[in-house]
Each structure stands twice: as C-alpha cells, then as structure tokens.
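A.B. asks: There's a structure below that I have some questions on.
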There are 2 protein chains.
Amino acid sequence: MPGSGKSVASRVGESLGMKVVLMGDFVRDEASQRNQDPGKVALDLRKEYGEFVVAERCVKMIKTSENQDKNVKSANSSLYLIEGIRSPYEVEIFKQEFKDFKVIAVHSKPKTRFKRLKRRRRSDDSPLVSDLQIRDQRELKFGIGEVIANSDYVVINEGGLKKLKDKLRSILKNEMQNRS
Amino acid sequence: MPGSGKSVASRVGESLGMKVVLMGDFVRDEASQRNQDPGKVALDLRKEYGEFVVAERCVKMIKTSENQDKNVKSANSSLYLIEGIRSPYEVEIFKQEFKDFKVIAVHSKPKTRFKRLKRRRRSDDSPLVSDLQIRDQRELKFGIGEVIANSDYVVINEGGLKKLKDKLRSILKNEMQNRS
C-alpha cells in the first residue's frame, strides 16, 4: 500500500546483492511515452493488454537478463527482488515462472502511511486525504489485499527505518541461504 | 484467513476482561435454524439482507449489552473484541458506531495455515487442499484482504502460541490503557 515502506525492501535486497526489478518502471516508462499520469496508465495497460501485462513484461526482462548472465559465476546473480506487485494475477504468473518465488508484504497502519505520504510531498502542494484514499482504492482494486492476505511474510513497519531494515535483511538472507 | 490463529485473540481479550463477540455465532445460529452449511448461510444472509447484515446484528447486540451494563461500574465493561470481521463494509459500520474501533489482523503464511487446518481436522476425513482453497476464496471474496491491508495492527503468527499471545496481550493492553 502507498507509504507502507516497500521501497526499503528493494534497497536492502540490492545491498545483499540481489537484482531489483521495479514493476512501476514499466508503467512509468509507458506513462512518459504516452505523456500521461502513471496511475491512469497502470489501469489502461491492464485494460488494453489484460491483467497480466506488467508481470509478463517483468518475467520477460528477468529471463533475458538471466540468459545474459548464464556465464557469469556469482552466487547471487539469479536472485531477483520484484518491487510493486499489486494483484494476485501477478503473483500467479511469478509462481508459475519461478519455483522459489515468495511474497513479502510490508505493512503500516493507515494513519502512519498517510502521515508519511504527507511528509514526503511537503515540497509540493499538501495532498488531500481524499487523494490518498483514491490511491489506496486503486491499489485495493488491483487486489493488493489478497496478495497481502496470502503473502509468505508480512513485515510490520511502525518502529523506524533501522528496525525495518533489520527485519527485511533477516528474511532475505534466510531465503538466500535456503537456495544456495 | 482460515487457520491464521485469530481465535487466540479472543481468548487473550477475554482473559483481559474484554467482552468477546463472535461474528460467526450469528451465522452459525442462523445456519442451525435453517439446517444448512454455515459457509452457504454466510453468503445467503448477505444476499438476502445486504453486505452489512452480520455487522449490524453485532452492533445491535453490543448496544443492548451496553445499556444493560450502564449501571455496572467496571473499567473494562465497555471494551469489546469482535472476532471474525471479513469485509470492509463491516469495518465501515463498526467505525461509524464505535469511535475507538481498531482492526487487528492475525497473519500466517498459506503453508502454515494449511498445515494447521489439516491437523485440526485429523479426526475427520483429511480435507483436500482444494477444500481449503475454496474456504480461502470465500473469505477473500468478502474483502478480507482489504481489511488486512488497512488494519491498524498485523500480528504475525509463525512462532508458536506463547509468542502470539504475548504480542496480542501487549497490543490489547496498550489499547485498553489509551481509553481508560
């Protein structure tokens, strides 16, 4: 959910040698090509190409990258962290394609998320609560709640950045060990 | 979600002097009157009386009980724990009716939940994974994912009963202090 702190997971993953794929990048690229709002494009893309479109592009990108890396000897070269999964359709695709796929959800209570989002935008116009609720509703419509309900890990982000990083590092390290 | 361990929250609440309301009881009562499966009745009730029906009966019950208790002096007499909220419509009703209403979600990964549910039923016929998936789907259709995504607390239940009870006790005690 917006403001929960999920981008921290990517930074921690990166610091551990994982490759990070931002699902939002596919949407932002397309949005800048179309010169439209990313939120709108996220919806339009799915209408045009189906629910699986962003996940499929993501899988294609990972497979290409894996092929390029085939000759590189590195313990972590085939470990990917995908940031920004929002729908159970996407989870389904990734599970089919990658057998060790796991879902980590980062959770903060609405009050905390709203506070963070307001702070984050303090240089712009202060966003209305209703704007934030619209963002929430968009993500919930994708089915993000279902993804969280069935996630393999939920990391609570209410106790500051260090605590969050520690928890994420411990989960990621553990998962990395299980497959090396 | 089924098998996550939410009933432990009720037991902890009760031990702290809270009054526990089981939303499932309304459904089970109705099911036994109709002589039908509770899962089916949960759906039918909402079709017949709307999404809010179980929550509304619950609110009515609490208000009646509060009126009866009005003359009883007890610090915790007006603290209720409602077990089994499944849809954002229900959350909406409770938020309207009770200003200090908070949502606590109990989360376990699907693998853990399935293991528990199988163990729980070992005296009956062992349930098929597909049965468990049907139960999951039913709860997700009510919107339980959205409730979890926007919950005030998520308690992770992967580390044994004692750990779960400690976490729940700490949250409930804290909430009780804030309103006494």
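Lettering and numbering for the structure tokens are positional, with chains as A, B, ... in the shown order, residues counted from 1 in each chain, and ligands counted from 1 in the shown order.
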Any idea which chain B residues end up within 12 Å of chain A if we count only C-alpha atoms, as JSON, numbers by chain please?
C.D. replies: {"B": [1, 2, 3, 4, 86, 87, 88, 102, 103, 104, 105, 106, 107, 108, 109, 110, 111, 112, 113, 114, 133, 136, 137, 138, 139, 140, 141, 142, 143, 144, 145, 146, 147, 148, 149, 150, 151, 152, 153, 154, 155, 156, 157, 158]}
A.B. asks: Just to be explicit: take each residue in the selection above, keep C-alpha atoms, and write the result as a PDB file, in the first residue's frame.
C.D. replies:
ATOM      1  CA  MET B   1      -7.927 -16.099   6.939  1.00  0.00           C
ATOM      2  CA  PRO B   2      -8.752 -19.695   7.956  1.00  0.00           C
ATOM      3  CA  GLY B   3      -6.113 -21.198  10.216  1.00  0.00           C
ATOM      4  CA  SER B   4      -4.295 -17.920  10.894  1.00  0.00           C
ATOM      5  CA  ARG B  86     -14.266 -10.257   6.987  1.00  0.00           C
ATOM      6  CA  SER B  87     -15.308  -7.326   4.854  1.00  0.00           C
ATOM      7  CA  PRO B  88     -14.511  -3.618   4.588  1.00  0.00           C
ATOM      8  CA  LYS B 102      -9.391  -0.665  15.798  1.00  0.00           C
ATOM      9  CA  VAL B 103      -8.686  -3.600  13.486  1.00  0.00           C
ATOM     10  CA  ILE B 104      -6.157  -6.286  14.456  1.00  0.00           C
ATOM     11  CA  ALA B 105      -5.250  -8.809  11.741  1.00  0.00           C
ATOM     12  CA  VAL B 106      -3.569 -12.128  12.544  1.00  0.00           C
ATOM     13  CA  HIS B 107      -1.404 -13.349   9.671  1.00  0.00           C
ATOM     14  CA  SER B 108       0.196 -16.704   8.904  1.00  0.00           C
ATOM     15  CA  LYS B 109       1.651 -17.760   5.585  1.00  0.00           C
ATOM     16  CA  PRO B 110      -0.602 -20.049   3.485  1.00  0.00           C
ATOM     17  CA  LYS B 111       1.682 -23.051   4.049  1.00  0.00           C
ATOM     18  CA  THR B 112       1.357 -22.688   7.838  1.00  0.00           C
ATOM     19  CA  ARG B 113      -2.400 -22.153   7.690  1.00  0.00           C
ATOM     20  CA  PHE B 114      -2.942 -25.243   5.562  1.00  0.00           C
ATOM     21  CA  GLN B 133      -8.619 -23.106  -1.226  1.00  0.00           C
ATOM     22  CA  ASP B 136      -9.780 -19.051   1.313  1.00  0.00           C
ATOM     23  CA  GLN B 137     -11.561 -17.855  -1.791  1.00  0.00           C
ATOM     24  CA  ARG B 138     -14.797 -17.334   0.109  1.00  0.00           C
ATOM     25  CA  GLU B 139     -13.115 -15.102   2.669  1.00  0.00           C
ATOM     26  CA  LEU B 140     -11.181 -13.197   0.024  1.00  0.00           C
ATOM     27  CA  LYS B 141     -14.436 -12.552  -1.835  1.00  0.00           C
ATOM     28  CA  PHE B 142     -15.862 -10.883   1.270  1.00  0.00           C
ATOM     29  CA  GLY B 143     -12.903  -8.498   1.022  1.00  0.00           C
ATOM     30  CA  ILE B 144     -10.831  -9.788   3.934  1.00  0.00           C
ATOM     31  CA  GLY B 145      -7.647  -8.834   2.059  1.00  0.00           C
ATOM     32  CA  GLU B 146      -8.731  -5.202   2.040  1.00  0.00           C
ATOM     33  CA  VAL B 147      -9.447  -5.405   5.777  1.00  0.00           C
ATOM     34  CA  ILE B 148      -5.934  -6.764   6.410  1.00  0.00           C
ATOM     35  CA  ALA B 149      -4.280  -4.181   4.127  1.00  0.00           C
ATOM     36  CA  ASN B 150      -5.926  -1.360   6.073  1.00  0.00           C
ATOM     37  CA  SER B 151      -5.737  -2.906   9.531  1.00  0.00           C
ATOM     38  CA  ASP B 152      -4.296  -0.984  12.482  1.00  0.00           C
ATOM     39  CA  TYR B 153      -2.215  -3.963  13.629  1.00  0.00           C
ATOM     40  CA  VAL B 154      -0.934  -7.091  11.935  1.00  0.00           C
ATOM     41  CA  VAL B 155       0.205  -9.807  14.303  1.00  0.00           C
ATOM     42  CA  ILE B 156       2.395 -12.467  12.727  1.00  0.00           C
ATOM     43  CA  ASN B 157       1.619 -15.978  13.926  1.00  0.00           C
ATOM     44  CA  GLU B 158       4.557 -18.148  12.875  1.00  0.00           C
TER      45      GLU B 158
END
A.B. asks: Hey, what's within 12 Å of region 24-27 of chain B if we count only C-alpha atoms and toss same-chain stuff fewer than 6 positions away? As a list in words, please?
C.D. replies: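 So, after excluding close chain neighbours, the residues are Ser7, Gln33, Arg34, Asn35, Gln36, Asp37, Pro38, Gly39, Lys40, Val41, Ala42, Leu43, Asp44, Leu45, Arg46, Val53, Val54, Ala55, Glu56, Arg57, Cys58, Val59, Lys60, Met61, Ile82, Glu83, Gly84, Ile85 and Arg86 of chain B.
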A.B. asks: Between CA of Leu132 (chain A) and CA of Glu92 (chain B), what is the spacing in Å?
C.D. replies: 17.5 Å
A.B. asks: Leaving out Asn178 (chain B) and any residue of its chain fewer than 5 positions from it, which residues lie within 10 Å of it when counting only C-alpha atoms, given as a PDB file with N, CA, C and O atoms, in the first residue's frame?
C.D. replies:
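Writing the result to out.pdb gives the following:
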ATOM      1  N   ASP B 100     -13.584   4.480  18.891  1.00  0.00           N
ATOM      2  CA  ASP B 100     -12.219   3.993  19.141  1.00  0.00           C
ATOM      3  C   ASP B 100     -11.949   2.642  18.484  1.00  0.00           C
ATOM      4  O   ASP B 100     -10.994   1.957  18.846  1.00  0.00           O
ATOM      5  N   LEU B 172      -3.462  -5.337  23.076  1.00  0.00           N
ATOM      6  CA  LEU B 172      -4.762  -5.111  23.719  1.00  0.00           C
ATOM      7  C   LEU B 172      -4.607  -4.278  24.991  1.00  0.00           C
ATOM      8  O   LEU B 172      -5.382  -3.350  25.224  1.00  0.00           O
ATOM      9  N   LYS B 173      -3.579  -4.582  25.770  1.00  0.00           N
ATOM     10  CA  LYS B 173      -3.343  -3.818  26.997  1.00  0.00           C
ATOM     11  C   LYS B 173      -3.095  -2.349  26.673  1.00  0.00           C
ATOM     12  O   LYS B 173      -3.610  -1.452  27.325  1.00  0.00           O
TER      13      LYS B 173
END
A.B. asks: Mind checking DSSP for region 18-160 of chain B and telling me the strand (DSSP E or B) residues as a PyMOL selection string?
C.D. replies: chain B and resi 19-22+80-83+104-107+153-156
A.B. asks: Suppose you want the space between CA of Arg120 (chain B) and CA of Asn174 (chain A); what is it in Å?
C.D. replies: 28.9 Å
